[in-house]
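Here is the file input24.cif (mmCIF, N, CA and C atoms).
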```cif
data_model
loop_
_atom_site.label_atom_id
_atom_site.label_comp_id
_atom_site.auth_asym_id
_atom_site.auth_seq_id
_atom_site.Cartn_x
_atom_site.Cartn_y
_atom_site.Cartn_z
N MET T 12 -34.34 64.18 8.49
CA MET T 12 -33.71 62.96 8.91
C MET T 12 -34.42 61.78 8.24
N PRO T 13 -33.68 60.84 7.65
CA PRO T 13 -34.31 59.71 6.97
C PRO T 13 -34.92 58.72 7.97
N LEU T 14 -35.91 57.98 7.48
CA LEU T 14 -36.55 56.94 8.27
C LEU T 14 -36.27 55.61 7.60
N PHE T 15 -35.88 54.63 8.42
CA PHE T 15 -35.64 53.28 7.93
C PHE T 15 -36.58 52.34 8.66
N ALA T 16 -37.22 51.44 7.93
CA ALA T 16 -38.14 50.47 8.53
C ALA T 16 -37.85 49.10 7.94
N TYR T 17 -37.56 48.17 8.81
CA TYR T 17 -37.29 46.79 8.41
C TYR T 17 -38.30 45.89 9.11
N SER T 18 -38.73 44.84 8.45
CA SER T 18 -39.68 43.92 9.08
C SER T 18 -39.00 43.21 10.25
N GLY T 19 -39.82 42.76 11.19
CA GLY T 19 -39.30 41.99 12.31
C GLY T 19 -38.63 40.71 11.84
N LEU T 20 -39.16 40.10 10.78
CA LEU T 20 -38.56 38.88 10.24
C LEU T 20 -37.17 39.15 9.67
N LEU T 21 -37.03 40.25 8.92
CA LEU T 21 -35.73 40.61 8.37
C LEU T 21 -34.76 40.99 9.48
N ALA T 22 -35.24 41.74 10.48
CA ALA T 22 -34.38 42.12 11.60
C ALA T 22 -33.88 40.89 12.35
N LEU T 23 -34.76 39.90 12.53
CA LEU T 23 -34.35 38.66 13.19
C LEU T 23 -33.30 37.93 12.37
N ALA T 24 -33.55 37.79 11.08
CA ALA T 24 -32.59 37.09 10.21
C ALA T 24 -31.23 37.80 10.21
N ALA T 25 -31.23 39.12 10.15
CA ALA T 25 -29.98 39.88 10.18
C ALA T 25 -29.28 39.74 11.52
N SER T 26 -30.03 39.58 12.60
CA SER T 26 -29.45 39.40 13.92
C SER T 26 -28.72 38.07 14.03
N VAL T 27 -29.20 37.06 13.31
CA VAL T 27 -28.57 35.74 13.33
C VAL T 27 -27.35 35.73 12.43
N GLY T 28 -27.45 36.37 11.27
CA GLY T 28 -26.31 36.46 10.36
C GLY T 28 -26.21 35.32 9.38
N GLY T 29 -26.20 34.10 9.83
CA GLY T 29 -26.22 32.95 8.96
C GLY T 29 -24.89 32.37 8.55
N GLU T 30 -23.79 33.04 8.86
CA GLU T 30 -22.46 32.50 8.50
C GLU T 30 -22.41 32.10 7.03
N GLY T 31 -23.04 32.89 6.16
CA GLY T 31 -23.07 32.60 4.74
C GLY T 31 -24.24 31.74 4.31
N ARG T 32 -24.94 31.15 5.26
CA ARG T 32 -26.11 30.32 4.96
C ARG T 32 -27.37 31.18 5.02
N PRO T 33 -28.41 30.78 4.32
CA PRO T 33 -29.69 31.48 4.44
C PRO T 33 -30.23 31.37 5.86
N VAL T 34 -30.98 32.39 6.27
CA VAL T 34 -31.62 32.38 7.58
C VAL T 34 -33.12 32.48 7.37
N CYS T 35 -33.84 31.53 7.94
CA CYS T 35 -35.29 31.51 7.88
C CYS T 35 -35.82 31.95 9.24
N ALA T 36 -36.45 33.11 9.28
CA ALA T 36 -37.02 33.64 10.52
C ALA T 36 -38.45 33.15 10.66
N LEU T 37 -38.77 32.65 11.85
CA LEU T 37 -40.11 32.11 12.12
C LEU T 37 -40.66 32.69 13.41
N PHE T 38 -41.80 33.34 13.33
CA PHE T 38 -42.53 33.77 14.51
C PHE T 38 -43.76 32.88 14.63
N ASP T 39 -44.05 32.40 15.81
CA ASP T 39 -45.19 31.51 16.02
C ASP T 39 -46.49 32.29 15.83
N ALA T 40 -47.36 31.79 14.97
CA ALA T 40 -48.65 32.43 14.70
C ALA T 40 -49.80 31.62 15.30
N ARG T 41 -49.46 30.56 16.04
CA ARG T 41 -50.45 29.66 16.66
C ARG T 41 -51.14 28.82 15.59
N ARG T 42 -51.92 27.89 16.03
CA ARG T 42 -52.70 26.99 15.17
C ARG T 42 -51.85 26.30 14.10
N GLY T 43 -50.60 25.99 14.44
CA GLY T 43 -49.73 25.28 13.50
C GLY T 43 -49.16 26.12 12.38
N GLU T 44 -49.28 27.44 12.48
CA GLU T 44 -48.77 28.32 11.43
C GLU T 44 -47.65 29.20 11.99
N VAL T 45 -46.84 29.72 11.06
CA VAL T 45 -45.75 30.62 11.42
C VAL T 45 -45.72 31.80 10.46
N TYR T 46 -45.33 32.94 10.98
CA TYR T 46 -44.97 34.07 10.13
C TYR T 46 -43.54 33.76 9.72
N SER T 47 -43.29 33.73 8.43
CA SER T 47 -41.99 33.23 7.98
C SER T 47 -41.44 34.06 6.83
N ALA T 48 -40.11 34.07 6.76
CA ALA T 48 -39.39 34.65 5.63
C ALA T 48 -37.98 34.08 5.68
N CYS T 49 -37.35 34.00 4.53
CA CYS T 49 -35.99 33.48 4.48
C CYS T 49 -35.13 34.42 3.64
N TYR T 50 -33.94 34.71 4.17
CA TYR T 50 -33.05 35.67 3.53
C TYR T 50 -31.63 35.11 3.46
N ARG T 51 -30.89 35.61 2.48
CA ARG T 51 -29.45 35.34 2.39
C ARG T 51 -28.77 36.70 2.34
N PHE T 52 -27.62 36.79 2.99
CA PHE T 52 -26.85 38.03 3.04
C PHE T 52 -25.50 37.77 2.37
N PRO T 53 -25.47 37.83 1.01
CA PRO T 53 -24.28 37.40 0.27
C PRO T 53 -23.12 38.40 0.26
N GLY T 54 -23.36 39.64 0.54
CA GLY T 54 -22.27 40.60 0.51
C GLY T 54 -22.76 41.98 0.87
N PHE T 55 -21.83 42.88 0.95
CA PHE T 55 -22.13 44.24 1.38
C PHE T 55 -23.22 44.84 0.50
N GLY T 56 -24.27 45.34 1.17
CA GLY T 56 -25.33 46.03 0.47
C GLY T 56 -26.39 45.13 -0.14
N ARG T 57 -26.30 43.81 0.10
CA ARG T 57 -27.26 42.91 -0.53
C ARG T 57 -28.03 42.11 0.50
N VAL T 58 -29.31 42.01 0.24
CA VAL T 58 -30.19 41.12 0.99
C VAL T 58 -31.00 40.38 -0.06
N ASP T 59 -30.76 39.09 -0.19
CA ASP T 59 -31.51 38.28 -1.14
C ASP T 59 -32.70 37.66 -0.42
N VAL T 60 -33.89 37.83 -0.98
CA VAL T 60 -35.09 37.24 -0.40
C VAL T 60 -35.29 35.87 -1.04
N ILE T 61 -35.22 34.84 -0.24
CA ILE T 61 -35.41 33.48 -0.72
C ILE T 61 -36.88 33.08 -0.59
N LEU T 62 -37.49 33.53 0.49
CA LEU T 62 -38.91 33.24 0.74
C LEU T 62 -39.54 34.52 1.28
N GLU T 63 -40.47 35.09 0.54
CA GLU T 63 -41.13 36.34 0.92
C GLU T 63 -41.85 36.19 2.27
N PRO T 64 -41.93 37.26 3.05
CA PRO T 64 -42.68 37.20 4.31
C PRO T 64 -44.14 36.85 4.09
N ALA T 65 -44.63 35.88 4.86
CA ALA T 65 -46.03 35.45 4.74
C ALA T 65 -46.39 34.57 5.92
N LEU T 66 -47.69 34.40 6.10
CA LEU T 66 -48.21 33.45 7.07
C LEU T 66 -48.32 32.11 6.36
N ARG T 67 -47.66 31.07 6.91
CA ARG T 67 -47.64 29.75 6.27
C ARG T 67 -47.69 28.66 7.33
N SER T 68 -48.01 27.45 6.88
CA SER T 68 -47.83 26.30 7.76
C SER T 68 -46.34 25.97 7.78
N LEU T 69 -45.89 25.33 8.84
CA LEU T 69 -44.48 24.95 8.91
C LEU T 69 -44.14 23.99 7.76
N GLU T 70 -45.05 23.10 7.42
CA GLU T 70 -44.81 22.17 6.33
C GLU T 70 -44.58 22.90 5.01
N ASP T 71 -45.33 23.96 4.78
CA ASP T 71 -45.16 24.76 3.57
C ASP T 71 -43.78 25.41 3.55
N VAL T 72 -43.35 25.94 4.68
CA VAL T 72 -42.01 26.55 4.77
C VAL T 72 -40.95 25.51 4.45
N LEU T 73 -41.03 24.36 5.10
CA LEU T 73 -40.02 23.32 4.89
C LEU T 73 -40.03 22.82 3.44
N ARG T 74 -41.19 22.71 2.85
CA ARG T 74 -41.30 22.27 1.45
C ARG T 74 -40.63 23.28 0.52
N HIS T 75 -40.85 24.57 0.75
CA HIS T 75 -40.24 25.61 -0.10
C HIS T 75 -38.72 25.65 0.06
N LEU T 76 -38.26 25.31 1.25
CA LEU T 76 -36.82 25.45 1.54
C LEU T 76 -36.07 24.13 1.49
N GLU T 77 -36.72 23.09 1.00
CA GLU T 77 -36.10 21.77 0.99
C GLU T 77 -34.69 21.76 0.40
N PRO T 78 -34.45 22.39 -0.75
CA PRO T 78 -33.08 22.34 -1.28
C PRO T 78 -32.14 23.36 -0.63
N VAL T 79 -32.64 24.20 0.25
CA VAL T 79 -31.85 25.27 0.83
C VAL T 79 -31.36 24.85 2.22
N ASP T 80 -30.09 25.03 2.48
CA ASP T 80 -29.49 24.66 3.76
C ASP T 80 -29.59 25.85 4.72
N ALA T 81 -30.80 26.10 5.21
CA ALA T 81 -31.06 27.30 6.02
C ALA T 81 -30.87 27.05 7.51
N ILE T 82 -30.61 28.13 8.22
CA ILE T 82 -30.66 28.16 9.68
C ILE T 82 -32.02 28.74 10.03
N PHE T 83 -32.73 28.11 10.96
CA PHE T 83 -34.05 28.56 11.38
C PHE T 83 -33.92 29.25 12.72
N ALA T 84 -34.58 30.41 12.86
CA ALA T 84 -34.46 31.19 14.10
C ALA T 84 -35.80 31.78 14.48
N GLY T 85 -35.96 32.09 15.75
CA GLY T 85 -37.17 32.72 16.25
C GLY T 85 -37.97 31.77 17.12
N GLU T 86 -38.99 32.32 17.79
CA GLU T 86 -39.77 31.47 18.69
C GLU T 86 -40.52 30.39 17.93
N GLY T 87 -40.86 30.63 16.68
CA GLY T 87 -41.49 29.59 15.87
C GLY T 87 -40.54 28.43 15.61
N ALA T 88 -39.27 28.74 15.39
CA ALA T 88 -38.27 27.69 15.19
C ALA T 88 -38.06 26.90 16.47
N LEU T 89 -38.05 27.58 17.59
CA LEU T 89 -37.87 26.88 18.87
C LEU T 89 -39.08 26.00 19.18
N ARG T 90 -40.27 26.50 18.90
CA ARG T 90 -41.47 25.71 19.17
C ARG T 90 -41.52 24.44 18.32
N TYR T 91 -41.08 24.55 17.07
CA TYR T 91 -41.16 23.42 16.15
C TYR T 91 -39.79 22.80 15.88
N ARG T 92 -38.88 22.95 16.82
CA ARG T 92 -37.50 22.44 16.67
C ARG T 92 -37.48 20.98 16.21
N ASP T 93 -38.24 20.12 16.85
CA ASP T 93 -38.21 18.69 16.51
C ASP T 93 -38.56 18.45 15.05
N ARG T 94 -39.59 19.12 14.56
CA ARG T 94 -40.01 18.92 13.17
C ARG T 94 -39.00 19.51 12.19
N ILE T 95 -38.40 20.64 12.54
CA ILE T 95 -37.39 21.26 11.67
C ILE T 95 -36.16 20.37 11.59
N GLU T 96 -35.69 19.90 12.74
CA GLU T 96 -34.50 19.05 12.76
C GLU T 96 -34.76 17.71 12.09
N ALA T 97 -35.98 17.17 12.23
CA ALA T 97 -36.33 15.91 11.56
C ALA T 97 -36.29 16.08 10.05
N ALA T 98 -36.55 17.30 9.57
CA ALA T 98 -36.50 17.59 8.13
C ALA T 98 -35.09 17.95 7.66
N GLY T 99 -34.12 17.92 8.60
CA GLY T 99 -32.73 18.21 8.24
C GLY T 99 -32.30 19.65 8.45
N GLY T 100 -33.17 20.46 9.06
CA GLY T 100 -32.83 21.86 9.31
C GLY T 100 -32.05 22.04 10.59
N ARG T 101 -31.44 23.19 10.72
CA ARG T 101 -30.68 23.54 11.93
C ARG T 101 -31.37 24.73 12.59
N VAL T 102 -31.56 24.66 13.91
CA VAL T 102 -32.23 25.73 14.65
C VAL T 102 -31.18 26.52 15.43
N ALA T 103 -31.23 27.84 15.29
CA ALA T 103 -30.30 28.72 16.00
C ALA T 103 -30.58 28.67 17.50
N PRO T 104 -29.58 28.96 18.33
CA PRO T 104 -29.79 28.97 19.78
C PRO T 104 -30.87 29.98 20.19
N ALA T 105 -31.51 29.72 21.33
CA ALA T 105 -32.62 30.55 21.81
C ALA T 105 -32.22 32.02 21.97
N HIS T 106 -30.99 32.30 22.39
CA HIS T 106 -30.60 33.70 22.60
C HIS T 106 -30.54 34.50 21.30
N LEU T 107 -30.56 33.82 20.16
CA LEU T 107 -30.60 34.51 18.87
C LEU T 107 -32.01 34.56 18.30
N GLY T 108 -33.00 34.19 19.10
CA GLY T 108 -34.36 34.05 18.62
C GLY T 108 -35.20 35.30 18.62
N VAL T 109 -34.62 36.46 18.85
CA VAL T 109 -35.36 37.72 18.81
C VAL T 109 -34.56 38.74 18.00
N PRO T 110 -35.27 39.65 17.33
CA PRO T 110 -34.54 40.71 16.62
C PRO T 110 -33.74 41.54 17.63
N ARG T 111 -32.52 41.86 17.26
CA ARG T 111 -31.67 42.65 18.16
C ARG T 111 -31.30 43.98 17.50
N ALA T 112 -31.00 44.95 18.32
CA ALA T 112 -30.60 46.27 17.82
C ALA T 112 -29.40 46.14 16.90
N ALA T 113 -28.48 45.25 17.21
CA ALA T 113 -27.29 45.07 16.38
C ALA T 113 -27.67 44.66 14.96
N GLY T 114 -28.69 43.82 14.82
CA GLY T 114 -29.14 43.42 13.49
C GLY T 114 -29.71 44.59 12.71
N LEU T 115 -30.48 45.43 13.39
CA LEU T 115 -31.03 46.62 12.73
C LEU T 115 -29.93 47.59 12.34
N LEU T 116 -28.97 47.80 13.21
CA LEU T 116 -27.86 48.70 12.89
C LEU T 116 -27.04 48.15 11.72
N TRP T 117 -26.86 46.84 11.69
CA TRP T 117 -26.13 46.23 10.58
C TRP T 117 -26.89 46.46 9.28
N LEU T 118 -28.22 46.25 9.29
CA LEU T 118 -29.03 46.49 8.09
C LEU T 118 -28.93 47.94 7.64
N ALA T 119 -29.04 48.86 8.58
CA ALA T 119 -28.96 50.28 8.23
C ALA T 119 -27.61 50.64 7.63
N ASP T 120 -26.57 49.91 8.04
CA ASP T 120 -25.23 50.18 7.54
C ASP T 120 -24.99 49.56 6.16
N VAL T 121 -25.36 48.29 5.99
CA VAL T 121 -24.99 47.59 4.76
C VAL T 121 -26.11 47.50 3.73
N ALA T 122 -27.36 47.67 4.15
CA ALA T 122 -28.48 47.56 3.21
C ALA T 122 -29.51 48.64 3.49
N ALA T 123 -29.04 49.86 3.60
CA ALA T 123 -29.92 50.96 3.97
C ALA T 123 -31.10 51.10 3.02
N GLU T 124 -30.85 50.98 1.73
CA GLU T 124 -31.92 51.20 0.75
C GLU T 124 -33.05 50.18 0.88
N ALA T 125 -32.76 49.01 1.42
CA ALA T 125 -33.81 48.00 1.59
C ALA T 125 -34.85 48.42 2.62
N GLY T 126 -34.49 49.38 3.49
CA GLY T 126 -35.43 49.81 4.51
C GLY T 126 -35.77 51.28 4.48
N ARG T 127 -35.19 52.02 3.53
CA ARG T 127 -35.45 53.47 3.48
C ARG T 127 -36.91 53.74 3.15
N VAL T 128 -37.53 54.60 3.93
CA VAL T 128 -38.93 54.99 3.72
C VAL T 128 -38.92 56.30 2.93
N ALA T 129 -39.49 56.27 1.75
CA ALA T 129 -39.46 57.43 0.86
C ALA T 129 -40.26 58.60 1.43
N GLU T 130 -41.44 58.32 2.00
CA GLU T 130 -42.30 59.36 2.54
C GLU T 130 -42.63 59.03 4.00
N PRO T 131 -41.79 59.45 4.94
CA PRO T 131 -42.01 59.10 6.35
C PRO T 131 -43.38 59.49 6.88
N ALA T 132 -43.94 60.60 6.44
CA ALA T 132 -45.24 61.04 6.95
C ALA T 132 -46.37 60.09 6.54
N ARG T 133 -46.16 59.32 5.49
CA ARG T 133 -47.20 58.41 5.00
C ARG T 133 -46.94 56.95 5.38
N TRP T 134 -45.82 56.68 6.03
CA TRP T 134 -45.45 55.29 6.33
C TRP T 134 -46.39 54.67 7.35
N GLU T 135 -46.75 53.43 7.11
CA GLU T 135 -47.52 52.63 8.06
C GLU T 135 -46.92 51.24 8.10
N PRO T 136 -46.99 50.57 9.23
CA PRO T 136 -46.44 49.20 9.29
C PRO T 136 -47.24 48.26 8.40
N ALA T 137 -46.56 47.25 7.90
CA ALA T 137 -47.21 46.24 7.06
C ALA T 137 -47.35 44.97 7.88
N TYR T 138 -48.58 44.56 8.13
CA TYR T 138 -48.85 43.35 8.90
C TYR T 138 -49.17 42.21 7.95
N LEU T 139 -48.71 41.01 8.29
CA LEU T 139 -48.98 39.85 7.46
C LEU T 139 -50.39 39.32 7.63
N GLN T 140 -51.02 39.66 8.77
CA GLN T 140 -52.38 39.21 9.04
C GLN T 140 -53.04 40.23 9.95
N ALA T 141 -54.30 40.48 9.74
CA ALA T 141 -55.05 41.39 10.61
C ALA T 141 -55.19 40.77 12.00
N ALA T 142 -55.32 41.60 13.00
CA ALA T 142 -55.52 41.12 14.37
C ALA T 142 -56.85 40.37 14.46
N GLY T 143 -56.96 39.47 15.44
CA GLY T 143 -58.17 38.67 15.61
C GLY T 143 -59.43 39.49 15.70
N ALA T 144 -59.38 40.60 16.45
CA ALA T 144 -60.55 41.45 16.59
C ALA T 144 -60.94 42.07 15.24
N GLU T 145 -59.95 42.46 14.45
CA GLU T 145 -60.25 43.04 13.14
C GLU T 145 -60.87 42.00 12.22
N ARG T 146 -60.40 40.75 12.27
CA ARG T 146 -60.99 39.70 11.44
C ARG T 146 -62.43 39.44 11.86
N SER T 147 -62.72 39.48 13.16
CA SER T 147 -64.08 39.23 13.66
C SER T 147 -65.04 40.32 13.19
N VAL T 148 -64.60 41.58 13.18
CA VAL T 148 -65.43 42.70 12.76
C VAL T 148 -65.78 42.59 11.29
N ARG T 149 -64.86 42.09 10.48
CA ARG T 149 -65.08 41.98 9.04
C ARG T 149 -66.10 40.92 8.67
N ARG T 150 -66.34 39.96 9.55
CA ARG T 150 -67.26 38.86 9.24
C ARG T 150 -68.66 39.29 9.27
#
```
Before anything else, please render the file you have as structure tokens.
Amino acid sequence: MPLFAYSGLLALAASVGGEGRPVCALFDARRGEVYSACYRFPGFGRVDVILEPALRSLEDVLRHLEPVDAIFAGEGALRYRDRIEAAGGRVAPAHLGVPRAAGLLWLADVAAEAGRVAEPARWEPAYLQAAGAERSVRR
């Protein structure tokens, strides 16, 4: 049986859909930063990455997406709604702010190869930042 793995940011963006507009998924990372990525879903089987998943300041996200008419979603978007809207962005409603099963099923249907895991026995999740305890141990 195949294994499919999609990032939480991609799952959130797919859950919002975007109505043809790019979707920028933001998870609050505290200290003024967000886990962020931006995607466009132009047609069957395609997921265009506009902004790669990374830990960034909100200002950095907005600067990268300035010419892009994106919809912002997720708890990071809700937390920073005022700043996003002041920059001309649109924030999705709160009920669309979490990845939903429907988004994952849609991805598996239309963009399966984007999440197919070649070697399921060797798969491990990819984190954008180590946990606080792990960072403390490394110091």
Report the residues retrieved by the PyMOL selection byres ((chain T and resi 99-113) around 6.5) from the displayed file, expressed as a PDB file with N, CA and C atoms, in the coordinates of the input.
```
ATOM      1  N   GLY T  19     -39.820  42.760  11.190  1.00  0.00           N
ATOM      2  CA  GLY T  19     -39.300  41.990  12.310  1.00  0.00           C
ATOM      3  C   GLY T  19     -38.630  40.710  11.840  1.00  0.00           C
ATOM      4  N   ALA T  22     -35.240  41.740  10.480  1.00  0.00           N
ATOM      5  CA  ALA T  22     -34.380  42.120  11.600  1.00  0.00           C
ATOM      6  C   ALA T  22     -33.880  40.890  12.350  1.00  0.00           C
ATOM      7  N   LEU T  23     -34.760  39.900  12.530  1.00  0.00           N
ATOM      8  CA  LEU T  23     -34.350  38.660  13.190  1.00  0.00           C
ATOM      9  C   LEU T  23     -33.300  37.930  12.370  1.00  0.00           C
ATOM     10  N   ALA T  24     -33.550  37.790  11.080  1.00  0.00           N
ATOM     11  CA  ALA T  24     -32.590  37.090  10.210  1.00  0.00           C
ATOM     12  C   ALA T  24     -31.230  37.800  10.210  1.00  0.00           C
ATOM     13  N   ALA T  25     -31.230  39.120  10.150  1.00  0.00           N
ATOM     14  CA  ALA T  25     -29.980  39.880  10.180  1.00  0.00           C
ATOM     15  C   ALA T  25     -29.280  39.740  11.520  1.00  0.00           C
ATOM     16  N   SER T  26     -30.030  39.580  12.600  1.00  0.00           N
ATOM     17  CA  SER T  26     -29.450  39.400  13.920  1.00  0.00           C
ATOM     18  C   SER T  26     -28.720  38.070  14.030  1.00  0.00           C
ATOM     19  N   VAL T  27     -29.200  37.060  13.310  1.00  0.00           N
ATOM     20  CA  VAL T  27     -28.570  35.740  13.330  1.00  0.00           C
ATOM     21  C   VAL T  27     -27.350  35.730  12.430  1.00  0.00           C
ATOM     22  N   ALA T  81     -30.800  26.100   5.210  1.00  0.00           N
ATOM     23  CA  ALA T  81     -31.060  27.300   6.020  1.00  0.00           C
ATOM     24  C   ALA T  81     -30.870  27.050   7.510  1.00  0.00           C
ATOM     25  N   ILE T  82     -30.610  28.130   8.220  1.00  0.00           N
ATOM     26  CA  ILE T  82     -30.660  28.160   9.680  1.00  0.00           C
ATOM     27  C   ILE T  82     -32.020  28.740  10.030  1.00  0.00           C
ATOM     28  N   PHE T  83     -32.730  28.110  10.960  1.00  0.00           N
ATOM     29  CA  PHE T  83     -34.050  28.560  11.380  1.00  0.00           C
ATOM     30  C   PHE T  83     -33.920  29.250  12.720  1.00  0.00           C
ATOM     31  N   ALA T  84     -34.580  30.410  12.860  1.00  0.00           N
ATOM     32  CA  ALA T  84     -34.460  31.190  14.100  1.00  0.00           C
ATOM     33  C   ALA T  84     -35.800  31.780  14.480  1.00  0.00           C
ATOM     34  N   GLY T  85     -35.960  32.090  15.750  1.00  0.00           N
ATOM     35  CA  GLY T  85     -37.170  32.720  16.250  1.00  0.00           C
ATOM     36  C   GLY T  85     -37.970  31.770  17.120  1.00  0.00           C
ATOM     37  N   GLU T  86     -38.990  32.320  17.790  1.00  0.00           N
ATOM     38  CA  GLU T  86     -39.770  31.470  18.690  1.00  0.00           C
ATOM     39  C   GLU T  86     -40.520  30.390  17.930  1.00  0.00           C
ATOM     40  N   ALA T  88     -39.270  28.740  15.390  1.00  0.00           N
ATOM     41  CA  ALA T  88     -38.270  27.690  15.190  1.00  0.00           C
ATOM     42  C   ALA T  88     -38.060  26.900  16.470  1.00  0.00           C
ATOM     43  N   ARG T  94     -39.590  19.120  14.560  1.00  0.00           N
ATOM     44  CA  ARG T  94     -40.010  18.920  13.170  1.00  0.00           C
ATOM     45  C   ARG T  94     -39.000  19.510  12.190  1.00  0.00           C
ATOM     46  N   ILE T  95     -38.400  20.640  12.540  1.00  0.00           N
ATOM     47  CA  ILE T  95     -37.390  21.260  11.670  1.00  0.00           C
ATOM     48  C   ILE T  95     -36.160  20.370  11.590  1.00  0.00           C
ATOM     49  N   GLU T  96     -35.690  19.900  12.740  1.00  0.00           N
ATOM     50  CA  GLU T  96     -34.500  19.050  12.760  1.00  0.00           C
ATOM     51  C   GLU T  96     -34.760  17.710  12.090  1.00  0.00           C
ATOM     52  N   ALA T  97     -35.980  17.170  12.230  1.00  0.00           N
ATOM     53  CA  ALA T  97     -36.330  15.910  11.560  1.00  0.00           C
ATOM     54  C   ALA T  97     -36.290  16.080  10.050  1.00  0.00           C
ATOM     55  N   ALA T  98     -36.550  17.300   9.570  1.00  0.00           N
ATOM     56  CA  ALA T  98     -36.500  17.590   8.130  1.00  0.00           C
ATOM     57  C   ALA T  98     -35.090  17.950   7.660  1.00  0.00           C
ATOM     58  N   GLY T 114     -28.690  43.820  14.820  1.00  0.00           N
ATOM     59  CA  GLY T 114     -29.140  43.420  13.490  1.00  0.00           C
ATOM     60  C   GLY T 114     -29.710  44.590  12.710  1.00  0.00           C
ATOM     61  N   LEU T 115     -30.480  45.430  13.390  1.00  0.00           N
ATOM     62  CA  LEU T 115     -31.030  46.620  12.730  1.00  0.00           C
ATOM     63  C   LEU T 115     -29.930  47.590  12.340  1.00  0.00           C
ATOM     64  N   LEU T 116     -28.970  47.800  13.210  1.00  0.00           N
ATOM     65  CA  LEU T 116     -27.860  48.700  12.890  1.00  0.00           C
ATOM     66  C   LEU T 116     -27.040  48.150  11.720  1.00  0.00           C
ATOM     67  N   TRP T 117     -26.860  46.840  11.690  1.00  0.00           N
ATOM     68  CA  TRP T 117     -26.130  46.230  10.580  1.00  0.00           C
ATOM     69  C   TRP T 117     -26.890  46.460   9.280  1.00  0.00           C
ATOM     70  N   LEU T 118     -28.220  46.250   9.290  1.00  0.00           N
ATOM     71  CA  LEU T 118     -29.030  46.490   8.090  1.00  0.00           C
ATOM     72  C   LEU T 118     -28.930  47.940   7.640  1.00  0.00           C
TER      73      LEU T 118
END
```
TODO: Based on DSSP run over this structure's backbone, return all residues of stretch 48-138 of chain T in alpha helix (DSSP H), as an MDAnalysis selection string.
DONE: chainID T and resid 69:75 86:90 92:97 112:121
Task: Atomic distance atom C of T:Val58 - atom N of T:Arg92, expressed in Å with one decimal - done: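 Atom-to-atom, atom C of T:Val58 and atom N of T:Arg92 are spaced 25.5 Å apart.
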TODO: Run the PyMOL selection byres ((chain T and resi 62) around 5) on the file and write out the hits as a ChimeraX atom specification.
DONE: /T:48-49,60-61,63-64
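In this comparison, which uses only C-alpha atoms, the residue of T:Tyr17, T:Leu66, T:Leu76, T:Asp71 approaching T:Pro33 most closely is T:Leu76.
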Open item on the list: So the first atom is atom C of T:Phe38 and the second is atom N of T:Ala129; what is the distance between them in Å, to one decimal place?
Closed with: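 That distance, rounded to one decimal, is 27.0 Å.
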Task: Minimum-distance residue to T:Ala123, chosen among T:Arg57, T:Arg67, T:Tyr46, T:Leu73 (using all atoms listed in the file) - done: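 Nearest to T:Ala123: T:Arg57.
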Open item on the list: Given only C-alpha atoms as the basis, pick out the residue of T:Gly126, T:Gly31, T:Pro131, T:Pro13 nearest to T:Asp80.
Closed with: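 Of the candidates, the smallest distance to T:Asp80 is held by T:Gly31.
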Task: Those in stretch 12-121 of chain T with strand (DSSP E or B) from DSSP, as JSON, numbers by chain - done: {"T": [14, 15, 34, 35, 36, 37, 38, 39, 40, 41, 44, 45, 46, 47, 48, 49, 50, 51, 59, 60, 61, 62, 63, 64, 65, 66, 67, 68, 82, 83, 84, 101, 102]}
Open item on the list: So the first atom is atom CA of T:Leu139 and the second is atom N of T:Val121; what is the distance between them in Å, to one decimal place?
Closed with: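 Answer for the atom CA of T:Leu139 to atom N of T:Val121 separation: 25.1 Å.
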Task: Which of T:Val128, T:Leu89, T:Val72, T:Val79 sits closest to T:Phe15 [using all atoms listed in the file] - done: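 The shortest atom-to-atom distance to T:Phe15 comes from T:Val128.
With only C-alpha atoms as the atoms that count, the minimum distance from T:Glu135 to the choices T:Ala122, T:Glu70, T:Met12, T:Ser18 is reached by T:Ser18.
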